[in-house]
>>> print(open('input_31.pdb').read())   # PDB, C-alpha atoms and all ligand atoms
ATOM      1  CA  MET A   8      -0.182  16.079   6.341
ATOM      2  CA  HIS A   9      -2.969  15.826   8.903
ATOM      3  CA  GLN A  10      -3.386  19.523   9.750
ATOM      4  CA  ARG A  11      -5.994  20.132   7.001
ATOM      5  CA  GLU A  12      -8.725  17.780   5.880
ATOM      6  CA  ILE A  13      -7.226  15.429   3.364
ATOM      7  CA  THR A  14      -8.668  12.605   1.318
ATOM      8  CA  VAL A  15      -7.190   9.151   1.805
ATOM      9  CA  ALA A  16      -7.964   6.129  -0.385
ATOM     10  CA  VAL A  17      -6.944   2.634   0.749
ATOM     11  CA  THR A  18      -6.991  -0.561  -1.338
ATOM     12  CA  GLY A  19      -7.671  -3.850   0.404
ATOM     13  CA  ALA A  20      -9.931  -1.718   2.608
ATOM     14  CA  SER A  21     -11.964  -4.591   3.997
ATOM     15  CA  GLY A  22      -8.850  -6.519   5.049
ATOM     16  CA  ALA A  23      -7.351  -6.321   8.547
ATOM     17  CA  LEU A  24      -4.762  -3.623   7.880
ATOM     18  CA  GLY A  25      -7.013  -1.709   5.467
ATOM     19  CA  ARG A  26      -9.680  -1.366   8.129
ATOM     20  CA  ALA A  27      -7.194  -0.467  10.862
ATOM     21  CA  LEU A  28      -5.582   2.230   8.711
ATOM     22  CA  LEU A  29      -8.957   3.724   7.756
ATOM     23  CA  GLN A  30      -9.994   3.871  11.422
ATOM     24  CA  ARG A  31      -6.790   5.693  12.311
ATOM     25  CA  TRP A  32      -7.063   8.115   9.410
ATOM     26  CA  HIS A  33     -10.614   8.839  10.571
ATOM     27  CA  ARG A  34      -9.256   9.825  14.010
ATOM     28  CA  ARG A  35      -7.035  12.311  12.191
ATOM     29  CA  GLY A  36     -10.003  13.872  10.468
ATOM     30  CA  ALA A  37      -9.372  12.565   6.951
ATOM     31  CA  ARG A  38     -12.080  12.006   4.348
ATOM     32  CA  LEU A  39     -12.005   8.300   3.533
ATOM     33  CA  ILE A  40     -12.346   6.323   0.330
ATOM     34  CA  ALA A  41     -12.419   2.549   0.819
ATOM     35  CA  LEU A  42     -11.301   0.670  -2.285
ATOM     36  CA  THR A  43     -12.563  -2.915  -2.264
ATOM     37  CA  HIS A  44     -12.644  -5.652  -4.862
ATOM     38  CA  SER A  45     -15.803  -7.173  -3.452
ATOM     39  CA  GLN A  46     -19.261  -5.597  -3.571
ATOM     40  CA  ALA A  47     -19.981  -6.268   0.125
ATOM     41  CA  PRO A  48     -20.688  -2.967   1.895
ATOM     42  CA  LEU A  49     -17.917  -1.977   4.287
ATOM     43  CA  GLU A  50     -18.921  -0.713   7.722
ATOM     44  CA  LEU A  51     -16.339   0.665  10.130
ATOM     45  CA  GLN A  52     -16.897   1.806  13.683
ATOM     46  CA  ALA A  53     -15.269   4.796  15.328
ATOM     47  CA  ASP A  54     -13.986   4.689  18.922
ATOM     48  CA  ASP A  55     -17.344   5.981  20.218
ATOM     49  CA  GLY A  56     -19.229   3.189  18.425
ATOM     50  CA  SER A  57     -20.604   5.445  15.708
ATOM     51  CA  SER A  58     -20.348   4.506  12.058
ATOM     52  CA  ILE A  59     -17.372   6.022  10.221
ATOM     53  CA  PRO A  60     -18.442   7.978   7.145
ATOM     54  CA  LEU A  61     -16.675   6.695   4.045
ATOM     55  CA  ARG A  62     -17.124   6.402   0.314
ATOM     56  CA  GLN A  63     -16.698   2.872  -0.990
ATOM     57  CA  LEU A  64     -15.508   2.248  -4.536
ATOM     58  CA  CYS A  65     -15.312  -1.227  -6.035
ATOM     59  CA  TRP A  66     -12.473  -2.005  -8.402
ATOM     60  CA  GLN A  67     -10.940  -5.042 -10.065
ATOM     61  CA  VAL A  68      -7.371  -5.969 -10.815
ATOM     62  CA  GLY A  69      -6.827  -5.264 -14.532
ATOM     63  CA  GLN A  70      -9.296  -2.358 -14.492
ATOM     64  CA  GLU A  71      -7.109   0.200 -12.770
ATOM     65  CA  GLN A  72      -7.861   2.956 -15.308
ATOM     66  CA  ALA A  73     -11.550   2.874 -14.418
ATOM     67  CA  LEU A  74     -10.639   3.321 -10.765
ATOM     68  CA  LEU A  75      -8.076   6.073 -11.359
ATOM     69  CA  SER A  76     -10.652   8.331 -12.950
ATOM     70  CA  GLN A  77     -12.445   8.369  -9.572
ATOM     71  CA  LEU A  78      -9.362   9.289  -7.529
ATOM     72  CA  GLN A  79      -8.989  12.905  -8.697
ATOM     73  CA  GLU A  80      -9.401  14.354  -5.199
ATOM     74  CA  VAL A  81      -7.151  11.876  -3.408
ATOM     75  CA  ASP A  82      -4.180  13.214  -1.419
ATOM     76  CA  VAL A  83      -2.894   9.889  -0.073
ATOM     77  CA  LEU A  84      -3.326   6.627  -1.980
ATOM     78  CA  VAL A  85      -2.447   3.555   0.099
ATOM     79  CA  LEU A  86      -1.770   0.470  -2.028
ATOM     80  CA  ASN A  87      -2.413  -2.235   0.517
ATOM     81  CA  HIS A  88      -4.270  -5.104  -1.192
ATOM     82  CA  GLY A  89      -2.586  -8.473  -1.369
ATOM     83  CA  ILE A  90      -2.943 -12.241  -1.439
ATOM     84  CA  ASN A  91      -0.796 -15.079  -0.190
ATOM     85  CA  LEU A  92      -1.292 -18.293  -2.183
ATOM     86  CA  GLN A  93       0.720 -20.524   0.113
ATOM     87  CA  GLN A  94       1.941 -23.894  -1.193
ATOM     88  CA  GLN A  95       0.773 -23.125  -4.736
ATOM     89  CA  ARG A  96       2.869 -22.923  -7.906
ATOM     90  CA  SER A  97       0.428 -23.492 -10.781
ATOM     91  CA  VAL A  98       0.433 -21.175 -13.775
ATOM     92  CA  GLU A  99      -2.881 -19.689 -12.589
ATOM     93  CA  ALA A 100      -1.608 -19.080  -9.055
ATOM     94  CA  THR A 101       1.572 -17.498 -10.434
ATOM     95  CA  ALA A 102      -0.370 -15.159 -12.719
ATOM     96  CA  GLN A 103      -2.794 -14.216  -9.949
ATOM     97  CA  SER A 104      -0.021 -13.488  -7.434
ATOM     98  CA  LEU A 105       1.882 -11.322  -9.901
ATOM     99  CA  GLU A 106      -1.248  -9.445 -10.978
ATOM    100  CA  VAL A 107      -2.703  -8.828  -7.519
ATOM    101  CA  ASN A 108       0.453  -8.301  -5.466
ATOM    102  CA  ALA A 109       2.705  -6.555  -7.969
ATOM    103  CA  LEU A 110       1.328  -5.449 -11.327
ATOM    104  CA  SER A 111      -1.970  -3.920 -10.218
ATOM    105  CA  SER A 112      -0.145  -1.805  -7.608
ATOM    106  CA  TRP A 113       2.447  -0.813 -10.197
ATOM    107  CA  ARG A 114      -0.292   0.277 -12.646
ATOM    108  CA  LEU A 115      -2.085   2.266  -9.934
ATOM    109  CA  LEU A 116       1.219   3.863  -8.927
ATOM    110  CA  GLU A 117       1.999   4.943 -12.484
ATOM    111  CA  GLY A 118      -1.557   6.020 -13.248
ATOM    112  CA  PHE A 119      -1.957   8.055 -10.065
ATOM    113  CA  ALA A 120       1.427   9.769 -10.529
ATOM    114  CA  ALA A 121       0.537  10.664 -14.143
ATOM    115  CA  GLN A 122      -2.806  12.008 -12.981
ATOM    116  CA  VAL A 123      -1.123  14.158 -10.322
ATOM    117  CA  ALA A 124       1.307  15.553 -12.925
ATOM    118  CA  ALA A 125      -1.566  16.401 -15.289
ATOM    119  CA  ARG A 126      -3.551  17.929 -12.427
ATOM    120  CA  SER A 127      -0.782  20.262 -11.314
ATOM    121  CA  ALA A 128       0.076  21.226 -14.930
ATOM    122  CA  ALA A 129      -3.578  22.139 -15.534
ATOM    123  CA  THR A 130      -4.219  24.079 -12.308
ATOM    124  CA  GLY A 131      -0.730  25.186 -11.325
ATOM    125  CA  ALA A 132      -2.136  25.043  -7.803
ATOM    126  CA  ALA A 133       0.309  24.930  -4.924
ATOM    127  CA  ARG A 134      -0.951  22.093  -2.730
ATOM    128  CA  PRO A 135       0.915  19.499  -0.716
ATOM    129  CA  ARG A 136       2.500  16.839  -2.890
ATOM    130  CA  PRO A 137       0.117  13.855  -3.048
ATOM    131  CA  GLU A 138       1.433  10.636  -1.588
ATOM    132  CA  ILE A 139       1.408   6.978  -2.534
ATOM    133  CA  TRP A 140       2.090   4.411   0.165
ATOM    134  CA  VAL A 141       3.088   0.991  -1.122
ATOM    135  CA  ASN A 142       2.743  -1.981   1.202
ATOM    136  CA  THR A 143       5.435  -4.379   0.059
ATOM    137  CA  SER A 144       6.226  -6.499   3.190
ATOM    138  CA  GLU A 145       9.489  -7.708   4.675
ATOM    139  CA  ALA A 146       9.074 -10.638   2.256
ATOM    140  CA  GLU A 147      10.909  -8.223  -0.074
ATOM    141  CA  ILE A 148      14.126  -9.315   1.581
ATOM    142  CA  GLU A 149      13.494 -12.385   3.714
ATOM    143  CA  PRO A 150      11.641 -15.703   3.439
ATOM    144  CA  ALA A 151       7.900 -15.682   4.048
ATOM    145  CA  PHE A 152       7.605 -19.465   3.563
ATOM    146  CA  SER A 153       5.476 -18.778   0.488
ATOM    147  CA  PRO A 154       7.450 -18.601  -2.773
ATOM    148  CA  LEU A 155       4.792 -16.884  -4.912
ATOM    149  CA  TYR A 156       4.177 -14.298  -2.205
ATOM    150  CA  GLU A 157       7.915 -13.577  -1.979
ATOM    151  CA  ILE A 158       8.385 -13.373  -5.765
ATOM    152  CA  SER A 159       5.462 -11.006  -6.251
ATOM    153  CA  LYS A 160       6.314  -8.758  -3.287
ATOM    154  CA  ARG A 161       9.972  -8.597  -4.359
ATOM    155  CA  LEU A 162       8.889  -7.586  -7.842
ATOM    156  CA  LEU A 163       6.724  -4.838  -6.379
ATOM    157  CA  GLY A 164       9.586  -3.632  -4.183
ATOM    158  CA  GLN A 165      12.047  -3.628  -7.082
ATOM    159  CA  LEU A 166       9.615  -1.772  -9.357
ATOM    160  CA  LEU A 167       9.052   0.801  -6.643
ATOM    161  CA  SER A 168      12.806   1.332  -6.257
ATOM    162  CA  LEU A 169      13.325   1.707 -10.017
ATOM    163  CA  ARG A 170      10.363   3.929 -10.805
ATOM    164  CA  SER A 171      10.785   6.142  -7.732
ATOM    165  CA  LEU A 172      13.796   7.649  -9.511
ATOM    166  CA  ASP A 173      11.344   9.353 -11.894
ATOM    167  CA  LEU A 174       8.107   9.474  -9.946
ATOM    168  CA  SER A 175       9.245  11.005  -6.681
ATOM    169  CA  GLY A 176       9.229  14.479  -8.251
ATOM    170  CA  GLN A 177       5.485  14.182  -8.786
ATOM    171  CA  VAL A 178       4.363  12.228  -5.749
ATOM    172  CA  ARG A 179       5.804  11.402  -2.371
ATOM    173  CA  LEU A 180       6.419   7.665  -2.218
ATOM    174  CA  ARG A 181       6.453   5.765   1.029
ATOM    175  CA  ARG A 182       7.295   2.094   1.331
ATOM    176  CA  LEU A 183       5.679   0.037   4.100
ATOM    177  CA  VAL A 184       7.847  -2.911   5.123
ATOM    178  CA  LEU A 185       5.834  -4.862   7.639
ATOM    179  CA  GLY A 186       6.546  -7.991   9.600
ATOM    180  CA  PRO A 187       3.963 -10.666  10.443
ATOM    181  CA  PHE A 188       0.681  -9.393  11.859
ATOM    182  CA  ARG A 189      -2.611 -11.215  12.397
ATOM    183  CA  SER A 190      -5.102 -11.129   9.520
ATOM    184  CA  ALA A 191      -6.897 -13.455   7.108
ATOM    185  CA  LEU A 192      -3.700 -13.448   5.041
ATOM    186  CA  ASN A 193      -1.586 -14.475   8.037
ATOM    187  CA  PRO A 194      -3.694 -15.888  10.903
ATOM    188  CA  VAL A 195      -0.571 -16.697  12.976
ATOM    189  CA  GLY A 196       1.100 -13.285  12.598
ATOM    190  CA  LEU A 197       2.861 -12.120  15.752
ATOM    191  CA  MET A 198       1.823  -8.470  15.888
ATOM    192  CA  PRO A 199      -1.692  -7.122  16.510
ATOM    193  CA  VAL A 200      -2.888  -5.213  13.444
ATOM    194  CA  GLY A 201      -3.850  -2.144  15.502
ATOM    195  CA  PHE A 202      -0.271  -1.801  16.717
ATOM    196  CA  VAL A 203       1.019  -2.037  13.132
ATOM    197  CA  ALA A 204      -1.412   0.611  11.864
ATOM    198  CA  ASP A 205      -0.497   2.951  14.767
ATOM    199  CA  GLN A 206       3.212   2.535  14.002
ATOM    200  CA  VAL A 207       2.697   3.144  10.282
ATOM    201  CA  LEU A 208       0.946   6.451  10.879
ATOM    202  CA  LEU A 209       3.409   7.448  13.587
ATOM    203  CA  GLN A 210       6.444   6.884  11.348
ATOM    204  CA  ALA A 211       4.688   8.709   8.490
ATOM    205  CA  SER A 212       4.111  11.672  10.825
ATOM    206  CA  TRP A 213       7.866  11.662  11.564
ATOM    207  CA  GLY A 214       8.465  12.106   7.827
ATOM    208  CA  CYS A 215       9.776   8.599   7.088
ATOM    209  CA  ASN A 216       9.491   7.404   3.503
ATOM    210  CA  LEU A 217      10.699   3.958   4.521
ATOM    211  CA  ILE A 218       8.304   2.724   7.192
ATOM    212  CA  VAL A 219       9.390  -0.475   8.928
ATOM    213  CA  VAL A 220       7.304  -2.288  11.552
ATOM    214  CA  THR A 221       8.584  -5.710  12.515
ATOM    215  CA  PRO A 222       9.834  -7.643  15.549
ATOM    216  CA  ASN A 223      12.948  -8.599  13.545
ATOM    217  CA  PRO A 224      15.682  -6.017  14.338
ATOM    218  CA  LEU A 225      17.758  -7.036  11.290
ATOM    219  CA  ILE A 226      15.132  -5.637   8.935
ATOM    220  CA  TYR A 227      15.657  -2.119  10.366
ATOM    221  CA  VAL A 228      19.296  -2.344   9.256
ATOM    222  CA  VAL A 229      19.080  -4.388   6.073
ATOM    223  CA  MET A 230      16.081  -2.675   4.456
ATOM    224  CA  PRO A 231      17.570   0.864   4.365
ATOM    225  CA  LEU A 232      20.823  -0.597   2.989
ATOM    226  CA  THR A 233      18.866  -2.539   0.372
ATOM    227  CA  THR A 234      16.942   0.514  -0.819
ATOM    228  CA  LEU A 235      20.149   2.567  -0.880
ATOM    229  CA  GLY A 236      21.908  -0.144  -2.892
ATOM    230  CA  ARG A 237      19.040  -0.343  -5.361
ATOM    231  CA  TRP A 238      18.998   3.457  -5.728
ATOM    232  CA  ALA A 239      22.719   3.500  -6.587
ATOM    233  CA  TYR A 240      22.458   0.504  -8.953
ATOM    234  CA  ASN A 241      19.365   1.798 -10.760
ATOM    235  CA  SER A 242      20.741   5.347 -11.011
ATOM    236  CA  LEU A 243      24.012   4.144 -12.491
ATOM    237  CA  LEU A 244      22.538   1.736 -15.013
ATOM    238  CA  THR A 245      19.404   3.500 -16.257
ATOM    239  CA  ARG A 246      18.373   6.862 -17.738
ATOM    240  CA  PRO A 247      15.099   8.767 -17.201
TER     241      PRO A 247
HETATM  242  N1  LIG B   1      -0.457 -10.093   7.526
HETATM  243  C1  LIG B   1       0.876 -10.046   7.436
HETATM  244  O1  LIG B   1       1.602 -10.736   8.174
HETATM  245  C2  LIG B   1       1.513  -9.117   6.458
HETATM  246  C3  LIG B   1       2.875  -8.839   6.583
HETATM  247  C4  LIG B   1       3.479  -7.951   5.704
HETATM  248  C5  LIG B   1       2.716  -7.363   4.722
HETATM  249  N2  LIG B   1       1.388  -7.663   4.606
HETATM  250  C6  LIG B   1       0.661  -7.024   3.528
HETATM  251  O2  LIG B   1      -0.336  -6.201   4.084
HETATM  252  C7  LIG B   1      -1.410  -6.048   3.139
HETATM  253  C8  LIG B   1      -2.732  -6.252   3.847
HETATM  254  O3  LIG B   1      -2.801  -7.604   4.230
HETATM  255  P1  LIG B   1      -3.645  -8.129   5.484
HETATM  256  O4  LIG B   1      -2.693  -8.917   6.287
HETATM  257  O5  LIG B   1      -4.424  -7.033   6.087
HETATM  258  O6  LIG B   1      -4.546  -9.219   4.750
HETATM  259  P2  LIG B   1      -6.104  -9.331   4.525
HETATM  260  O7  LIG B   1      -6.856  -9.068   5.773
HETATM  261  O8  LIG B   1      -6.296 -10.642   3.827
HETATM  262  O9  LIG B   1      -6.389  -8.136   3.510
HETATM  263  C9  LIG B   1      -5.979  -8.186   2.164
HETATM  264  C10 LIG B   1      -7.059  -7.529   1.320
HETATM  265  O10 LIG B   1      -6.616  -7.464  -0.036
HETATM  266  C11 LIG B   1      -7.748  -7.401  -0.856
HETATM  267  N3  LIG B   1      -7.694  -8.394  -1.925
HETATM  268  C12 LIG B   1      -7.626  -9.742  -1.792
HETATM  269  N4  LIG B   1      -7.677 -10.332  -2.995
HETATM  270  C13 LIG B   1      -7.768  -9.330  -3.909
HETATM  271  C14 LIG B   1      -7.877  -9.300  -5.323
HETATM  272  N5  LIG B   1      -7.921 -10.411  -6.056
HETATM  273  N6  LIG B   1      -7.956  -8.098  -5.926
HETATM  274  C15 LIG B   1      -7.913  -6.954  -5.199
HETATM  275  N7  LIG B   1      -7.837  -6.916  -3.862
HETATM  276  C16 LIG B   1      -7.775  -8.097  -3.230
HETATM  277  C17 LIG B   1      -8.997  -7.732   0.008
HETATM  278  O11 LIG B   1      -9.619  -6.507   0.373
HETATM  279  P3  LIG B   1     -10.934  -5.943  -0.419
HETATM  280  O12 LIG B   1     -11.949  -7.047  -0.382
HETATM  281  O13 LIG B   1     -11.298  -4.761   0.386
HETATM  282  O14 LIG B   1     -10.506  -5.620  -1.816
HETATM  283  C18 LIG B   1      -8.361  -8.320   1.239
HETATM  284  O15 LIG B   1      -9.169  -8.162   2.375
HETATM  285  C19 LIG B   1      -1.107  -7.055   2.016
HETATM  286  O16 LIG B   1      -0.519  -6.380   0.921
HETATM  287  C20 LIG B   1      -0.105  -7.980   2.645
HETATM  288  O17 LIG B   1       0.743  -8.580   1.687
HETATM  289  C21 LIG B   1       0.778  -8.515   5.444
END
>>> encode(input="input_31.pdb", output="structure tokens", more="lines below")
Ligand SMILES: NC(=O)c1ccc[n+]([C@@H]2O[C@H](COP(=O)([O-])OP(=O)(O)OC[C@H]3O[C@@H](n4cnc5c(N)ncnc54)[C@H](OP(=O)(O)O)[C@@H]3O)[C@@H](O)[C@H]2O)c1
Amino acid sequence: MHQREITVAVTGASGALGRALLQRWHRRGARLIALTHSQAPLELQADDGSSIPLRQLCWQVGQEQALLSQLQEVDVLVLNHGINLQQQRSVEATAQSLEVNALSSWRLLEGFAAQVAARSAATGAARPRPEIWVNTSEAEIEPAFSPLYEISKRLLGQLLSLRSLDLSGQVRLRRLVLGPFRSALNPVGLMPVGFVADQVLLQASWGCNLIVVTPNPLIYVVMPLTTLGRWAYNSLLTRP
């Protein structure tokens, strides 16, 4: 999709992967929208040291509709925000993990897809199908030593599998299944975040809808089988 100037919006923009993805999209000539939940201004530097031009929008979990109305021009929406409340299991921590990691992304996914459908019905314009990238994590299918993180990421992954049966006609859905990389969320992650962001964009440019970046070779085998199994199960047992 990077031949013409496209608009890319990334949630969790001030986090390690959010920043790295925005920098790489900038190299590809995209217009950038940084979606952050804090008010702190986000400054990103290009390779030559200059400041990367971007529009920053603040949003809050639970107020996705207010954000969606500002994403009319977006071609690629990257749902990347997340938290990892390690060692916690209180009712508040459970609610926060589900809201931030799973339900807010699900609401943005549904809202953006509905907006795209309304947009194309109104204009009838032939333009490339907008995309939503959902960052679930390999915690979808293996332990992350953080039960609430695993539960919420698995829920997000399962919702994506179920709803993609209906939504993939309107938007192109890509699932990012990433192994441990260094960030505030995972300070001991094995992979450098720049490497992960490079791999994500590379696999997207190859046309992959399932993007896997991890040092664990099993995930490259098990994750495609898992998504295939879910597709068959959900198709058999549900109706549009
Ligand atoms: N690090 C890993 O090992 C790893 C592995 C697999 C998957 N992932 C996933 O990759 C994504 C990015 O994580 P990261 O490692 O780059 O972590 P990070 O540096 O901590 O970035 C996560 C970002 O999420 C946003 N966020 C945090 N709390 C939020 C809230 N309450 N509401 C809305 N947004 C909130 C914040 O960005 P803003 O302030 O800009 O909103 C934060 O900087 C996450 O979804 C994570 O689960 C990480």
>>> closest_residue(input="input_31.pdb", among="A:Thr18, A:Gln63, A:Gln70, A:Gln177", to="ligand LIG 1 (chain B)", atoms="all atoms listed in the file")
A:Thr18
>>> closest_residue(input="input_31.pdb", among="A:Ser144, A:Ser171, A:Ser21, A:Asn91", to="Ser104 in chain A", atoms="only C-alpha atoms")
A:Asn91
>>> atom_distance(input="input_31.pdb", atom1="CA of Gly201 in chain A", atom2="CA of Leu24 in chain A")
7.8 Å
>>> closest_atom_pairs(input="input_31.pdb", of="chain A", to="ligand LIG 1 (chain B)", cutoff="6 Å", atoms="all atoms listed in the file", output="CSV")
residue,atom,partner,partner_atom,distance
A:Gly19,CA,B:LIG1,O11,3.3
A:Ala20,CA,B:LIG1,O13,4.0
A:Ser21,CA,B:LIG1,O13,3.7
A:Gly22,CA,B:LIG1,O15,3.2
A:Ala23,CA,B:LIG1,O5,3.9
A:Leu24,CA,B:LIG1,O5,3.9
A:Gly25,CA,B:LIG1,O5,6.0
A:Thr43,CA,B:LIG1,O14,3.4
A:His44,CA,B:LIG1,O14,3.7
A:Ser45,CA,B:LIG1,O12,4.9
A:Gln67,CA,B:LIG1,N6,5.9
A:Val68,CA,B:LIG1,N6,5.4
A:Asn87,CA,B:LIG1,O16,4.6
A:His88,CA,B:LIG1,O10,3.5
A:Gly89,CA,B:LIG1,O16,3.7
A:Ile90,CA,B:LIG1,C12,5.3
A:Val107,CA,B:LIG1,N6,5.5
A:Asn142,CA,B:LIG1,O16,5.5
A:Ser144,CA,B:LIG1,C5,3.9
A:Leu185,CA,B:LIG1,C4,4.3
A:Gly186,CA,B:LIG1,C3,4.8
A:Pro187,CA,B:LIG1,O1,3.3
A:Phe188,CA,B:LIG1,O1,4.0
A:Arg189,CA,B:LIG1,N1,5.4
A:Ser190,CA,B:LIG1,O4,4.6
A:Ala191,CA,B:LIG1,O8,4.4
A:Leu192,CA,B:LIG1,O8,4.0
A:Asn193,CA,B:LIG1,N1,4.6
A:Gly196,CA,B:LIG1,O1,5.1
>>> atom_distance(input="input_31.pdb", atom1="CA of Glu71 in chain A", atom2="CA of Ala37 in chain A")
23.4 Å
>>> closest_residue(input="input_31.pdb", among="A:Ser168, A:Thr130, A:Thr233, A:Gln206", to="Arg31 in chain A", atoms="only C-alpha atoms")
A:Gln206
>>> resolve_selection(input="input_31.pdb", expression="the PyMOL selection byres (((chain A and resi 230) around 9) and not hetatm)", output="NGL selection string")
:A and (145 or 147-148 or 184 or 217 or 219 or 225-229 or 231-235)
>>> write_last_selection(input="input_31.pdb", atoms="C-alpha atoms", output="mmCIF file, in the frame of the given file")
data_model
loop_
_atom_site.group_PDB
_atom_site.id
_atom_site.type_symbol
_atom_site.label_atom_id
_atom_site.label_comp_id
_atom_site.auth_asym_id
_atom_site.auth_seq_id
_atom_site.Cartn_x
_atom_site.Cartn_y
_atom_site.Cartn_z
ATOM 1 C CA GLU A 145 9.489 -7.708 4.675
ATOM 2 C CA GLU A 147 10.909 -8.223 -0.074
ATOM 3 C CA ILE A 148 14.126 -9.315 1.581
ATOM 4 C CA VAL A 184 7.847 -2.911 5.123
ATOM 5 C CA LEU A 217 10.699 3.958 4.521
ATOM 6 C CA VAL A 219 9.390 -0.475 8.928
ATOM 7 C CA LEU A 225 17.758 -7.036 11.290
ATOM 8 C CA ILE A 226 15.132 -5.637 8.935
ATOM 9 C CA TYR A 227 15.657 -2.119 10.366
ATOM 10 C CA VAL A 228 19.296 -2.344 9.256
ATOM 11 C CA VAL A 229 19.080 -4.388 6.073
ATOM 12 C CA PRO A 231 17.570 0.864 4.365
ATOM 13 C CA LEU A 232 20.823 -0.597 2.989
ATOM 14 C CA THR A 233 18.866 -2.539 0.372
ATOM 15 C CA THR A 234 16.942 0.514 -0.819
ATOM 16 C CA LEU A 235 20.149 2.567 -0.880
#
>>> closest_residue(input="input_31.pdb", among="A:Leu183, A:Leu243, A:Val195, A:Leu162", to="Leu208 in chain A", atoms="all atoms listed in the file")
A:Leu183
>>> closest_residue(input="input_31.pdb", among="A:Ala125, A:Leu163, A:Ala27, A:Cys65", to="Val141 in chain A", atoms="all atoms listed in the file")
A:Leu163
>>> closest_residue(input="input_31.pdb", among="A:Gln93, A:Pro135, A:Ser153, A:Gln79", to="Ala121 in chain A", atoms="all atoms listed in the file")
A:Gln79
>>> atom_distance(input="input_31.pdb", atom1="CA of Pro48 in chain A", atom2="CA of Gln103 in chain A")
24.2 Å
>>> closest_atom_pairs(input="input_31.pdb", of="range 124-191 of chain A", to="range 94-97 of chain A", cutoff="10 Å", atoms="all atoms listed in the file", output="CSV")
residue,atom,partner,partner_atom,distance
A:Phe152,CA,A:Gln94,CA,8.6
A:Ser153,CA,A:Gln94,CA,6.4
A:Pro154,CA,A:Gln94,CA,7.8
A:Leu155,CA,A:Arg96,CA,7.0
A:Tyr156,CA,A:Gln95,CA,9.8
>>> axis_aligned_box(input="input_31.pdb", around="range 76-89 of chain A", padding_each_side="5 Å", output="AutoDock Vina command-line options")
--center_x -7.1 --center_y 2.9 --center_z -6.2 --size_x 20.7 --size_y 32.8 --size_z 23.5
>>> resolve_selection(input="input_31.pdb", expression="the PyMOL selection byres (((chain A and resi 85) around 7) and not hetatm)", output="PDB file with C-alpha atoms, in the frame of the given file")
ATOM      1  CA  ALA A  16      -7.964   6.129  -0.385  1.00  0.00           C
ATOM      2  CA  VAL A  17      -6.944   2.634   0.749  1.00  0.00           C
ATOM      3  CA  THR A  18      -6.991  -0.561  -1.338  1.00  0.00           C
ATOM      4  CA  VAL A  83      -2.894   9.889  -0.073  1.00  0.00           C
ATOM      5  CA  LEU A  84      -3.326   6.627  -1.980  1.00  0.00           C
ATOM      6  CA  LEU A  86      -1.770   0.470  -2.028  1.00  0.00           C
ATOM      7  CA  ASN A  87      -2.413  -2.235   0.517  1.00  0.00           C
ATOM      8  CA  ILE A 139       1.408   6.978  -2.534  1.00  0.00           C
ATOM      9  CA  TRP A 140       2.090   4.411   0.165  1.00  0.00           C
ATOM     10  CA  VAL A 141       3.088   0.991  -1.122  1.00  0.00           C
TER      11      VAL A 141
END
>>> resolve_selection(input="input_31.pdb", expression="the PyMOL selection byres (((chain A and resi 174) around 12) and not hetatm)", output="ChimeraX atom specification")
/A:113,116-124,136-139,166-173,175-181,247
